[in-house]
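Enquirer: Have a look at this one before I ask anything.
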Amino acid sequence: MLSRARPGLLSPNLRRHVPPSSQQRRLLNHFISRPEHPIEPPPPPPLPDSQAPQRFTLAVKDNIATTSPLPTTCASSILAGYTSPLEATIVTQLRTRGALLSGKTNLDEFGMGSHSTHSAYGPVSQDLDPKTSAGGSSGGSAVAVASGQVDLALGTDTGGSVRLPAAYTGVVGYKPSYGMISRYGVVPYANSLDTVGFLSKSISPISNLVIGSEGRGLWAEHDPHDPTSLSPSARKRCAAQREGYRQPWHGSRNKIKFGIPLEYNMAELDPRIRTAWAETAALLQDTFSARIVPVSLPSTKHALAAYYVIAPAEASSNLAKYDGVRYGQRDENAATDAAAGGVLYAATRGKGFGEEVKRRILLGSYTLSSEAMDNYFIKAQKVRRLVRKDFNRVFALENPLHAPETFELSELPETVEMEDKWGPEEVDFLLCPTAPTLAPRLKDLENKSPVDAYVNDVFTVPASLAGLPAISVPMPVAEADGQGQAGLQLIGQYWDDARLLAVADVVAKMLQR
């Protein structure tokens with residue numbers, strides 16, 4: 001394992017340049033590569049002064065492609081020093097909007113992890129004594145924002161990899177609706193789940209970029225290079241069924257209904273987070289007269305297992321290309337690969353990939369095998385449909401990508417109250433914790449099993465499986481030695497991102513008082 005970028009891999013102008021006053025920040029290990037000076041955005045086209053781009057500093061997770069001089073390593077030895085010939089669409093979009101590229105951030109290798117510890121460049125920490133997890137896999141991006149080094153950071157969210165670090169570090173982490181933001185130039189982990197996400201200290205910078213004004217936000221920009229990017233016609237159709245895209249949403253806060261998922265009140269939930277969750281719900285009732293409605297998402301208990309079948313299966317296919325022939329570094333010290341069944345690149349992949357990546361490749365390869373596919377992968381896809389169906393049932397808005405569905409009331413738990421004979425009350429947003437625990441110490445993670453780390457994704461995975469927008473905002477929690485920080489997650493119906501960001505902004509400001 002490499003604790004720092006290997007000598008010779010980075011050009012002189014990419015040495016880790018950190019001002020003397022920032023030596024402690026450097027020890028947090030949240031950047032993999034940084035230019036000596038932020039990379040300037042391209043010259044903008046002539047625009048009126050009122051539309052001129054506002055400059056801001058941007059950090060990019062190192063599995064999102066940038067061109068020379070910044071490499072794209074995915075925090076993996078197999079891609080050490082790799083420079084992409086292309087720039088990710090989202091990076092280009094933000095640079096044309098005034099972003100100054102400040103560096104590439106550390107992560108779990110290929111985005112596979114929950115604590116940013118599975119990196120060839122060493123683990124990320126959000127503080128020094130004791131070293132505390134920054135969450136994963138976008139932990140480097142979260143720390144770059146939390147430490148004040150950048151205004152905005154890009155991450156990727158496959159099963160919670162933006163929201164979980166945001167919760168641990170006390171910043172805002174937003175995962176858009178699947179298909180809204182281009183994935184072109186993002187090194188894929190699981191194609192049907194990967195989403196570019198945003199981290200910032202407040203919601204307004206994110207909202208200004210994604211929603212914008214007068215239809216000029218990122219939401220309106222289709223990317224023909226990305227097959228998962230929603231078409232222009234689909235974007236217009238979805239936006240026409242939602243509020244807040246063409247003009248700012250100014251709906252009544254008093255009419256907002258928040259759903260409290262009964263299944264999220266699990267035994268493993270930290271009592272301090274449970275208390276803060278309940279107090280936030282009560283505060284919303286008292287401050288804005290919001291309606292708090294218990295809802296049931298029965299398939300939630302199977303969502304985590306389904307995710308850890310689907311995601312590794314897709315990863316095993318996506319990572320097959322890294323063989324040291326077409327991509328990555330060859331293991332030139334190996335005499336021959338013949339001992340490994342004659343596979344040309346066995347030694348290279350064995351040495352180049354970290355333990356967690358190899359674990360997920362093996363898991364994914366098994367679930368896709370002929371003897372296991374029906375029992376695992378196919379069943380996981382069925383669970384995924386049930387998860388999406390649960391969300392569609394509880395939201396007042398319909399999913400614009402799917403035909404209206406009918407639901408069996410007999411399937412609901414007896415604890416769910418009926419609004420009328422037609423079924424339970426429907427809600428605008430779901431309100432729940434982002435993670436079941438507070439940020440653990442890195443030392444404590446050494447004795448944890450991989451499954452223990454996977455459980456941290458239990459509240460974030462369902463929205464990812466359904467492709468829904470979700471955002472984590474800082475939520476204060478009471479601790480014995482003072483006030484700690486957790487994350488409060490808001491989940492909206494598909495393409496209801498504009499309202500979600502507006503309501504989350506109100507909630508976040510309420511919690512900061």
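Every chain in the structure tokens has a letter given in the order shown (A, B, ...), and although residue numbers restart at 1 in each chain, ligands are simply numbered from 1 in the order shown.
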Check segment 230-402 of chain A with DSSP on the backbone and list each residue it calls alpha helix (DSSP H), as a PyMOL selection string.
Expert: chain A and resi 232-240+271-288+300-318+346-352+355-367+377-394
Enquirer: Could you give me, as a PyMOL selection string, the residues within 9 Å of Ala281 of chain A, counting only C-alpha atoms and dropping anything in the same chain fewer than 5 positions from it?
Expert: chain A and resi 258+260+276+286+290+292+431
Enquirer: Those selected residues, please, written with C-alpha atoms and delivered as a PDB file, in the first residue's frame.
Expert:
ATOM      1  CA  PHE A 258     -42.727  14.484   5.826  1.00  0.00           C
ATOM      2  CA  ILE A 260     -41.013   8.885   8.828  1.00  0.00           C
ATOM      3  CA  ALA A 276     -32.060  13.988  17.293  1.00  0.00           C
ATOM      4  CA  ASP A 286     -43.703  23.384  15.789  1.00  0.00           C
ATOM      5  CA  ALA A 290     -45.391  20.538   8.832  1.00  0.00           C
ATOM      6  CA  ILE A 292     -45.251  14.280  10.160  1.00  0.00           C
ATOM      7  CA  LEU A 431     -37.120  12.249   6.671  1.00  0.00           C
TER       8      LEU A 431
END
Enquirer: If we count only C-alpha atoms and set the cut-off at 6 Å, which residues sit around Gly155 of chain A, ignoring sequence neighbours fewer than 4 positions away in its own chain? Please answer as a PDB file with N, CA and C atoms, in the first residue's frame.
Expert:
ATOM      1  N   LYS A  61     -13.352  14.291  -7.041  1.00  0.00           N
ATOM      2  CA  LYS A  61     -13.028  12.935  -6.612  1.00  0.00           C
ATOM      3  C   LYS A  61     -12.208  12.243  -7.695  1.00  0.00           C
ATOM      4  N   SER A 138     -16.485   8.956  -0.836  1.00  0.00           N
ATOM      5  CA  SER A 138     -16.056  10.322  -1.203  1.00  0.00           C
ATOM      6  C   SER A 138     -15.525  11.090  -0.007  1.00  0.00           C
ATOM      7  N   VAL A 162     -21.702   9.805  -1.243  1.00  0.00           N
ATOM      8  CA  VAL A 162     -21.650  11.256  -1.030  1.00  0.00           C
ATOM      9  C   VAL A 162     -22.352  11.612   0.274  1.00  0.00           C
ATOM     10  N   VAL A 196     -23.233  11.136 -10.073  1.00  0.00           N
ATOM     11  CA  VAL A 196     -22.340  12.215  -9.635  1.00  0.00           C
ATOM     12  C   VAL A 196     -23.056  13.015  -8.553  1.00  0.00           C
ATOM     13  N   GLY A 197     -22.360  13.258  -7.450  1.00  0.00           N
ATOM     14  CA  GLY A 197     -22.950  14.010  -6.348  1.00  0.00           C
ATOM     15  C   GLY A 197     -22.141  15.250  -6.017  1.00  0.00           C
TER      16      GLY A 197
END
Enquirer: Near segment 76-92 of chain A, within 9 Å and counting only C-alpha atoms, which residues show up once chain neighbours fewer than 2 positions away are dropped, as a count of residues only?
Expert: 56
Enquirer: In terms of the shortest atom-to-atom distance over only C-alpha atoms, which of A:Arg360, A:Thr437, A:Pro43, A:Gln247 is closest to Ala267 of chain A?
Expert: A:Thr437
Enquirer: Which value, in Å to one decimal, gives the distance between atom CA of Val461 of chain A and atom CA of Pro476 of chain A?
Expert: 22.8 Å
